[in-house]
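This report concerns only the one structure given below.
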Amino acid sequence: MSTAPPPTPAPEGQPETNALSRMTGVIVSPRKTFSEISRRPTWATPFITICLLSIIAGGLIGMKTDWRSFFERQMSQNARTDQMPQEQKDRILASQMTWAPKLAFAFGLLGTVFVVFLITLLYWGAFNLFNGAGLGFKSAFGIGTHAFMPSIIGSLLAILILLIKPRGEVDPEHFLASNVAAFLPDGSPHWMEVLGQSLDLFWIWTLALVAIGFSAANPKKVKPAGAFLIVFGIWAVWVCSKTAWAMF
């Protein structure tokens, strides 16, 4: 029975860094840090941090959003619901207002876990398939969780903003003005809103780190230019698909 080869030790004179150093390292020195992560993968600290901050942000959104005004605005922008009798609208609003705060809190955890695993699985498969990267899932998950450091920064900023803003002045879709949709005028087409939400500073930064991480893990098989092409190519297909769907 064949066994996996032991992890390659760090070069002499360069001791392995701790978890917090790795989290800051992917921001200030991403290629070097991801190379180390691929040799000796770790993921627990960034993953738990992402989840905790997302839960806090989701809870604050649930508490500080004026859900009635939010859903009334959404209804007015939907031709089908806008033409409903007021009594039917009120029943829908009552149900939405009951569940929205709980869903915002739950999505903070479940949504984050789903996205981190999805991105890891998607690009782990893509790089192994198209480039023969030969990475195990543990290495890919280490790269994936650390690549979400921009999300941690975004969550910290979001929590600060949500703590400062009074209840009722929080827009759950644009509480952190980090994407193009936050700057679109009221009444913009839905497809433009969907496209603008995809053009997010922290998300694009995360994808760039994913590309750097997988190319650093196996530089002989995965060149930086090719890594960026795979990562942003798959992302562009997804963005174009959901934007086209929003047009109908």
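As shown in the structure tokens, the chain order sets the letters A, B, ...; within each chain, residues go from 1, and ligands are also counted from 1 in the order they appear.
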Shell of 10 Å around Lys220 (chain A), only C-alpha atoms, local chain residues under 3 positions omitted, as a PyMOL selection string: chain A and resi 131+133+215-217+223
Produce a file of the selected residues containing N, CA, C and O atoms, as a PDB file, in the first residue's frame.
```
ATOM      1  N   ASN A 131      -4.171  21.765 -14.168  1.00  0.00           N
ATOM      2  CA  ASN A 131      -2.729  21.967 -14.040  1.00  0.00           C
ATOM      3  C   ASN A 131      -1.978  20.771 -13.473  1.00  0.00           C
ATOM      4  O   ASN A 131      -0.749  20.787 -13.415  1.00  0.00           O
ATOM      5  N   ALA A 133      -1.892  19.937 -10.351  1.00  0.00           N
ATOM      6  CA  ALA A 133      -1.198  20.492  -9.187  1.00  0.00           C
ATOM      7  C   ALA A 133      -0.868  19.429  -8.146  1.00  0.00           C
ATOM      8  O   ALA A 133       0.084  19.581  -7.381  1.00  0.00           O
ATOM      9  N   SER A 215      -0.822  28.925  -6.876  1.00  0.00           N
ATOM     10  CA  SER A 215       0.397  28.962  -7.688  1.00  0.00           C
ATOM     11  C   SER A 215       1.641  28.785  -6.816  1.00  0.00           C
ATOM     12  O   SER A 215       2.623  28.174  -7.238  1.00  0.00           O
ATOM     13  N   ALA A 216       1.599  29.292  -5.580  1.00  0.00           N
ATOM     14  CA  ALA A 216       2.733  29.146  -4.669  1.00  0.00           C
ATOM     15  C   ALA A 216       2.857  27.712  -4.154  1.00  0.00           C
ATOM     16  O   ALA A 216       3.942  27.260  -3.808  1.00  0.00           O
ATOM     17  N   ALA A 217       1.748  26.985  -4.124  1.00  0.00           N
ATOM     18  CA  ALA A 217       1.766  25.620  -3.599  1.00  0.00           C
ATOM     19  C   ALA A 217       2.520  24.670  -4.510  1.00  0.00           C
ATOM     20  O   ALA A 217       3.154  23.727  -4.037  1.00  0.00           O
ATOM     21  N   LYS A 223       1.682  28.237 -12.906  1.00  0.00           N
ATOM     22  CA  LYS A 223       2.299  29.547 -13.067  1.00  0.00           C
ATOM     23  C   LYS A 223       1.327  30.644 -12.613  1.00  0.00           C
ATOM     24  O   LYS A 223       0.106  30.491 -12.733  1.00  0.00           O
TER      25      LYS A 223
END
```
Name all residues at most 9 Å from Ser151 (chain A) (count only C-alpha atoms; drop same-chain ones fewer than 2 positions away) and give them as JSON, numbers by chain. {"A": [50, 147, 148, 149, 153, 154, 155, 156, 202, 203, 205, 206]}
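Closest approach to Ala140 (chain A) among A:Ser188, A:Ser38, A:Thr65, A:Gln74: A:Ser38, based on only C-alpha atoms.
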Residue contacts of Gly136 (chain A) (10 Å, only C-alpha atoms) excluding same-chain residues fewer than 5 positions away, as an mmCIF file with N, CA, C and O atoms, in the first residue's frame:
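See part-v4.cif below for the written result:
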```
data_model
loop_
_atom_site.group_PDB
_atom_site.id
_atom_site.type_symbol
_atom_site.label_atom_id
_atom_site.label_comp_id
_atom_site.auth_asym_id
_atom_site.auth_seq_id
_atom_site.Cartn_x
_atom_site.Cartn_y
_atom_site.Cartn_z
ATOM 1 N N ALA A 4 1.345 8.536 1.616
ATOM 2 C CA ALA A 4 1.687 9.899 1.202
ATOM 3 C C ALA A 4 3.068 10.248 1.734
ATOM 4 O O ALA A 4 3.433 9.869 2.859
ATOM 5 N N SER A 38 1.257 25.451 2.230
ATOM 6 C CA SER A 38 1.116 24.241 1.411
ATOM 7 C C SER A 38 2.020 23.121 1.906
ATOM 8 O O SER A 38 1.691 21.941 1.756
ATOM 9 N N PRO A 41 0.091 22.382 6.148
ATOM 10 C CA PRO A 41 -1.198 23.078 6.148
ATOM 11 C C PRO A 41 -1.791 23.254 7.547
ATOM 12 O O PRO A 41 -1.730 22.358 8.380
ATOM 13 N N TRP A 124 -9.683 23.738 -5.835
ATOM 14 C CA TRP A 124 -8.868 22.537 -5.634
ATOM 15 C C TRP A 124 -9.056 21.585 -6.812
ATOM 16 O O TRP A 124 -8.094 21.098 -7.404
ATOM 17 N N ASN A 128 -6.135 20.916 -9.792
ATOM 18 C CA ASN A 128 -5.686 19.534 -9.953
ATOM 19 C C ASN A 128 -6.044 18.997 -11.339
ATOM 20 O O ASN A 128 -5.285 18.239 -11.939
ATOM 21 N N PHE A 141 -7.454 23.363 1.569
ATOM 22 C CA PHE A 141 -8.290 24.030 2.569
ATOM 23 C C PHE A 141 -7.476 25.038 3.363
ATOM 24 O O PHE A 141 -7.983 26.099 3.748
#
```
Which of region 125-243 of chain A DSSP labels helix (DSSP H, G or I), written as a ChimeraX atom specification: /A:125-131,137-147,149-164,180-183,190-198,201-217,224-243
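With only C-alpha atoms as the basis for measurement, A:Lys64 is the residue among A:Lys64, A:His146, A:Phe114, A:Lys32 that approaches Ile164 (chain A) most closely.
Atom pair CA of Ala44 (chain A) / CA of Leu109 (chain A): separated by 15.0 Å.
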Listing only residues of region 45-104 of chain A within 10 Å of region 165-177 of chain A, what is the closest atom pair and its distance in Å (to one decimal) for each, using only C-alpha atoms, sorted by chain and residue number ascending, as a Markdown table?
```
| residue | atom | partner | partner_atom | distance |
| --- | --- | --- | --- | --- |
| A:Gly58 | CA | A:Pro172 | CA | 9.2 |
| A:Leu60 | CA | A:Val170 | CA | 9.5 |
| A:Ile61 | CA | A:Pro172 | CA | 6.3 |
| A:Gly62 | CA | A:Pro172 | CA | 8.4 |
| A:Met63 | CA | A:Arg167 | CA | 7.4 |
| A:Lys64 | CA | A:Arg167 | CA | 4.2 |
| A:Thr65 | CA | A:Gly168 | CA | 5.1 |
| A:Asp66 | CA | A:Gly168 | CA | 4.4 |
| A:Trp67 | CA | A:Gly168 | CA | 8.2 |
| A:Arg68 | CA | A:Gly168 | CA | 9.7 |
| A:Ser69 | CA | A:Gly168 | CA | 8.6 |
| A:Phe70 | CA | A:Asp171 | CA | 7.5 |
| A:Ala104 | CA | A:Pro172 | CA | 8.9 |
```
Which residues are near Gln96 (chain A)? Cut-off 8 Å, only C-alpha atoms, ignore same chain within fewer than 3 positions. Put them as a list in words.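 In the requested format, the answer is Trp67, Phe71, Ile92, Leu93, Trp99 and Ala100 of chain A.
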For region 63-143 of chain A versus region 226-232 of chain A, which residues have an atom no more than 10 Å away, and what is each residue's nearest atom pair and distance in Å rounded to one decimal, using only C-alpha atoms, chain-then-number order, as a Markdown table?
```
| residue | atom | partner | partner_atom | distance |
| --- | --- | --- | --- | --- |
| A:Ile119 | CA | A:Val231 | CA | 9.9 |
| A:Leu122 | CA | A:Val231 | CA | 9.6 |
| A:Tyr123 | CA | A:Val231 | CA | 7.2 |
| A:Ala126 | CA | A:Ile230 | CA | 7.7 |
| A:Phe127 | CA | A:Ile230 | CA | 7.9 |
| A:Phe130 | CA | A:Ile230 | CA | 8.8 |
| A:Asn131 | CA | A:Gly226 | CA | 8.9 |
```
Nearest to Leu195 (chain A) among A:Ser241, A:Ser95, A:Thr45, A:Asn218, with distances taken over only C-alpha atoms: which residue is it?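 Under the stated criterion, the closest residue is A:Ser241.
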For Phe47 (chain A): contacts at 8 Å, only C-alpha atoms, fewer than 4 positions along chain excluded, given as a list in words: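 Near Phe47 (chain A), the qualifying residues are Trp43, Cys51, Thr145 and His146 of chain A.
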If we count only C-alpha atoms and set the cut-off at 8 Å, which residues sit around His190 (chain A), ignoring sequence neighbours fewer than 4 positions away in its own chain? Please answer as number ranges by chain. A: 194, 246-247
Pick out each residue of chain A that DSSP on the backbone tags as strand (DSSP E or B); I need them as an NGL selection string. :A and (65 or 170 or 179 or 200)
Writer output for current selection, all heavy atoms, as a compact mmCIF listing (two decimals), in the first residue's frame:
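So again32.txt came out as:
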```
# COMPACT_ATOMS: atom_id res chain seq x y z
N THR A 65 -31.45 46.29 11.62
CA THR A 65 -32.15 46.60 10.36
C THR A 65 -33.62 46.84 10.62
O THR A 65 -34.27 46.11 11.39
CB THR A 65 -31.98 45.43 9.37
OG1 THR A 65 -30.61 45.27 9.06
CG2 THR A 65 -32.74 45.70 8.08
N VAL A 170 -29.53 50.78 9.03
CA VAL A 170 -28.67 49.76 8.44
C VAL A 170 -29.36 49.17 7.21
O VAL A 170 -30.51 48.74 7.29
CB VAL A 170 -28.35 48.65 9.45
CG1 VAL A 170 -27.63 47.49 8.76
CG2 VAL A 170 -27.50 49.19 10.58
N ASN A 179 -18.66 47.53 -2.58
CA ASN A 179 -18.90 47.08 -3.95
C ASN A 179 -19.57 48.18 -4.77
O ASN A 179 -20.06 49.18 -4.23
CB ASN A 179 -19.73 45.79 -3.98
CG ASN A 179 -21.07 45.95 -3.29
OD1 ASN A 179 -21.86 46.82 -3.62
ND2 ASN A 179 -21.34 45.09 -2.31
N ASP A 200 -16.92 43.45 -5.86
CA ASP A 200 -16.67 43.81 -4.47
C ASP A 200 -15.16 43.79 -4.18
O ASP A 200 -14.46 42.83 -4.55
CB ASP A 200 -17.39 42.83 -3.53
CG ASP A 200 -17.22 43.19 -2.08
OD1 ASP A 200 -16.25 42.72 -1.45
OD2 ASP A 200 -18.07 43.93 -1.55
```
Which residues, written as number ranges by chain, have at least one atom at most 7 Å from Gly108 (chain A), with only C-alpha atoms counted and residues fewer than 3 positions away on the same chain left out? A: 54-55, 57-58, 104-105, 111-112
Minimum-distance residue to Leu201 (chain A), chosen among A:Pro224, A:Gly134, A:Gly59, A:Pro150 (using only C-alpha atoms):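 Result for the nearest residue to Leu201 (chain A): A:Pro150.
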Pick from A:Val180, A:Leu135, A:Val239, A:Leu110 nearest to Gly213 (chain A), counting only C-alpha atoms: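 Closest residue, counting only C-alpha atoms: A:Leu135.
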Considering only C-alpha atoms, state which residue in the set A:Trp238, A:Phe248, A:Phe137, A:Phe107 is at the smallest distance from Leu53 (chain A).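 Nearest to Leu53 (chain A): A:Phe107.
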